[in-house]
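Chemist: Structure incoming, see below.
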Amino acid sequence: MKTLNRPVYSLADAADILRMSPSTLAWWLDGGERGRRVYPPVIRIEATGERSLTWAEFVEAGLLRQYRRELGVRLHEIRRFVAALRDELGVEHPLAHARPWVGEGPRLLMRFQQEYDLPGDLWLFAPASGQLMQLPPAESFVKRVEWDDDLPVAWRPHDDAGSPVRCRPGRRFGRPAVCGISTSAIFEHLDGGESEEEIADQFDLAVQDVRWAVAYETSRAAPLAA
């Protein structure tokens, strides 16, 4: 996928879609200094200061967002874990590939969780009745991603699992859209006084698609998940 390592989002746009503060996202990307301590990046191999995100960086940030929302992720505890996966799989952004999530991938993640002393409350998989069970943050992340040939081709920004709203790197500059139509454009038309039926007819959408777009844009008014 050519866009995997090509800049797609500005830092501000990515933070807006992920519903988090730009400063937190910048910290995940590049690390920084606090007091006399220097903290390395989590998402990037090394700090670059680049204020844009590639598609792969955005997708990995989506997983950390799930951790942040559900577990209050402690980044220093997963840096070594991510670095080990990076080395094992030979890819810069291992969690933005399907390989850790399917087939023998979960067993690899389970082994690394144990070897690198990742606290149990941050595990992605856990044993259950002889099988490996995907835990909530990982499950929520995987369900948001559409994969093609092991690579992410779309990400669902809407918390509702039934939503058709997607971010795709090659459409609408990666902004949330329904059937290729920006959700913000749909919402603006509704806010301007047009009916759902008129908007659906204008954009060649189903009325239900219009309602999903409006539901997503309305949900964005909720407090930031920083």
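Ligands are numbered from 1 in the order shown, chains are lettered A, B, ... in the order of the structure tokens, and residues start at 1 in each chain.
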Which polymer residues have any atom within 7 Å of an atom of segment 152-163 of chain A, counting only C-alpha atoms, with same-chain residues fewer than 6 positions away left out, as a PyMOL selection string?
Modeler: chain A and resi 17+96-97+144-146+212+216
Chemist: Mind checking DSSP for segment 7-222 of chain A and telling me the alpha helix (DSSP H) residues as a ChimeraX atom specification?
Modeler: /A:11-18,22-30,55-71,79-89,105-115,136-144,183-191,196-203,207-219
Chemist: With only C-alpha atoms as the basis for distance, which of A:Glu197, A:Glu77, A:Asp209, A:Asp13 is at the shortest distance from Ser52 of chain A?
Modeler: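 Using only C-alpha atoms, Ser52 of chain A sits closest to A:Asp13.
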Chemist: Given the choices A:Arg220, A:Arg44, A:Arg168, A:His76, which gets closest to Pro94 of chain A if the distance is worked out from only C-alpha atoms?
Modeler: A:Arg44
Chemist: Let's see if you can do this: from backbone DSSP, list all strand (DSSP E or B) residues in segment 163-220 of chain A, as a VMD selection string.
Modeler: chain A and resid 166 to 167 177 to 178 181 to 182
Chemist: Restricted to N, CA and C atoms, what would the selected residues look like written as a short mmCIF file (atom, residue, chain, number, x, y, z; two decimals), in the first residue's frame?
Modeler:
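Generated output (selection_28.cif):
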```
data_model
loop_
_atom_site.label_atom_id
_atom_site.label_comp_id
_atom_site.auth_asym_id
_atom_site.auth_seq_id
_atom_site.Cartn_x
_atom_site.Cartn_y
_atom_site.Cartn_z
N ARG A 166 -16.17 6.01 7.52
CA ARG A 166 -14.81 5.51 7.41
C ARG A 166 -13.82 6.64 7.06
N CYS A 167 -12.58 6.44 7.54
CA CYS A 167 -11.45 7.26 7.08
C CYS A 167 -10.65 6.38 6.13
N ALA A 177 -15.92 9.96 6.19
CA ALA A 177 -16.86 10.06 5.07
C ALA A 177 -17.80 8.86 5.05
N VAL A 178 -18.92 9.03 4.39
CA VAL A 178 -19.87 7.95 4.15
C VAL A 178 -20.03 7.82 2.64
N ILE A 181 -18.56 10.60 0.72
CA ILE A 181 -19.02 11.96 0.98
C ILE A 181 -18.64 12.36 2.40
N SER A 182 -17.98 13.47 2.55
CA SER A 182 -17.54 13.94 3.87
C SER A 182 -18.71 14.09 4.83
#
```
Chemist: Give me the residues within 8 Å of segment 183-190 of chain A as a ChimeraX atom specification, counting only C-alpha atoms and dropping any in the same chain fewer than 3 places off.
Modeler: /A:165,176-178,193-196,199,210,213-214,216-217
Chemist: Using only C-alpha atoms, determine which residues lie at most 9 Å from Arg99 of chain A, disregarding the query and same-chain residues fewer than 6 positions distant; provide the list as a list in words.
Modeler: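 The neighbour list is Leu89, Gly105, Pro106, Asp150 and Leu151 of chain A.
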Chemist: How would the residues just picked look written out with N, CA, C and O atoms as a short mmCIF file (atom, residue, chain, number, x, y, z; two decimals), in the first residue's frame?
Modeler:
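The resulting file, again.cif, is shown below:
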```
data_model
loop_
_atom_site.label_atom_id
_atom_site.label_comp_id
_atom_site.auth_asym_id
_atom_site.auth_seq_id
_atom_site.Cartn_x
_atom_site.Cartn_y
_atom_site.Cartn_z
N LEU A 89 8.85 -8.52 13.48
CA LEU A 89 8.09 -8.53 12.23
C LEU A 89 8.80 -7.81 11.09
O LEU A 89 8.42 -7.94 9.93
N GLY A 105 -0.32 -14.78 14.87
CA GLY A 105 0.02 -13.48 15.44
C GLY A 105 -0.32 -13.33 16.91
O GLY A 105 0.51 -12.86 17.70
N PRO A 106 -1.54 -13.71 17.34
CA PRO A 106 -1.88 -13.59 18.76
C PRO A 106 -0.93 -14.34 19.69
O PRO A 106 -0.64 -13.88 20.79
N ASP A 150 -3.14 -7.82 4.51
CA ASP A 150 -2.40 -7.55 5.76
C ASP A 150 -2.23 -6.07 6.09
O ASP A 150 -1.63 -5.73 7.11
N LEU A 151 -2.75 -5.18 5.26
CA LEU A 151 -2.56 -3.76 5.50
C LEU A 151 -3.89 -3.06 5.75
O LEU A 151 -4.93 -3.46 5.21
#
```
Chemist: Using only C-alpha atoms, which residues sit within 8 Å of Gln134 of chain A once same-chain residues fewer than 6 positions away are excluded, as a list in words?
Modeler: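 Everything that qualifies: Leu124, Phe125 and Ala126 of chain A.
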Chemist: Give me, as a tab-separated table, the closest atom pair and its distance (Å, one decimal) for every residue of segment 51-167 of chain A within a cut-off of 9 Å of segment 24-43 of chain A, counting only C-alpha atoms, rows sorted by chain and rising number.
Modeler:
```
residue	atom	partner	partner_atom	distance
A:Arg51	CA	A:Ala26	CA	7.9
A:Leu53	CA	A:Leu29	CA	8.7
A:Glu57	CA	A:Ile43	CA	6.5
A:Glu60	CA	A:Ile43	CA	6.9
A:Ala61	CA	A:Ile43	CA	7.3
A:Leu64	CA	A:Trp28	CA	8.6
A:Leu75	CA	A:Val42	CA	7.2
A:His76	CA	A:Tyr39	CA	8.1
A:Ile78	CA	A:Val42	CA	7.8
A:Arg79	CA	A:Val42	CA	5.4
A:Arg80	CA	A:Val42	CA	8.8
A:Val82	CA	A:Val42	CA	7.4
A:Ala83	CA	A:Val42	CA	8.3
A:Glu92	CA	A:Ile43	CA	8.9
A:His93	CA	A:Ile43	CA	7.3
```
Chemist: Just the residues within 7 Å of Asn5 of chain A, please, counting only C-alpha atoms, with nothing from its chain fewer than 3 positions along; format it as a list in words.
Modeler: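 Everything that qualifies: Thr54, Trp55 and Ala56 of chain A.
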Chemist: Between A:Phe81, A:Tyr9, A:Tyr67, A:Phe141, single out the one closest to Phe112 of chain A, counting only C-alpha atoms.
Modeler: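 Selected residue with least distance to Phe112 of chain A: A:Phe81.
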Chemist: How many Å lie between atom CA of Glu50 of chain A and atom CA of Tyr116 of chain A, rounded to one decimal?
Modeler: 29.1 Å
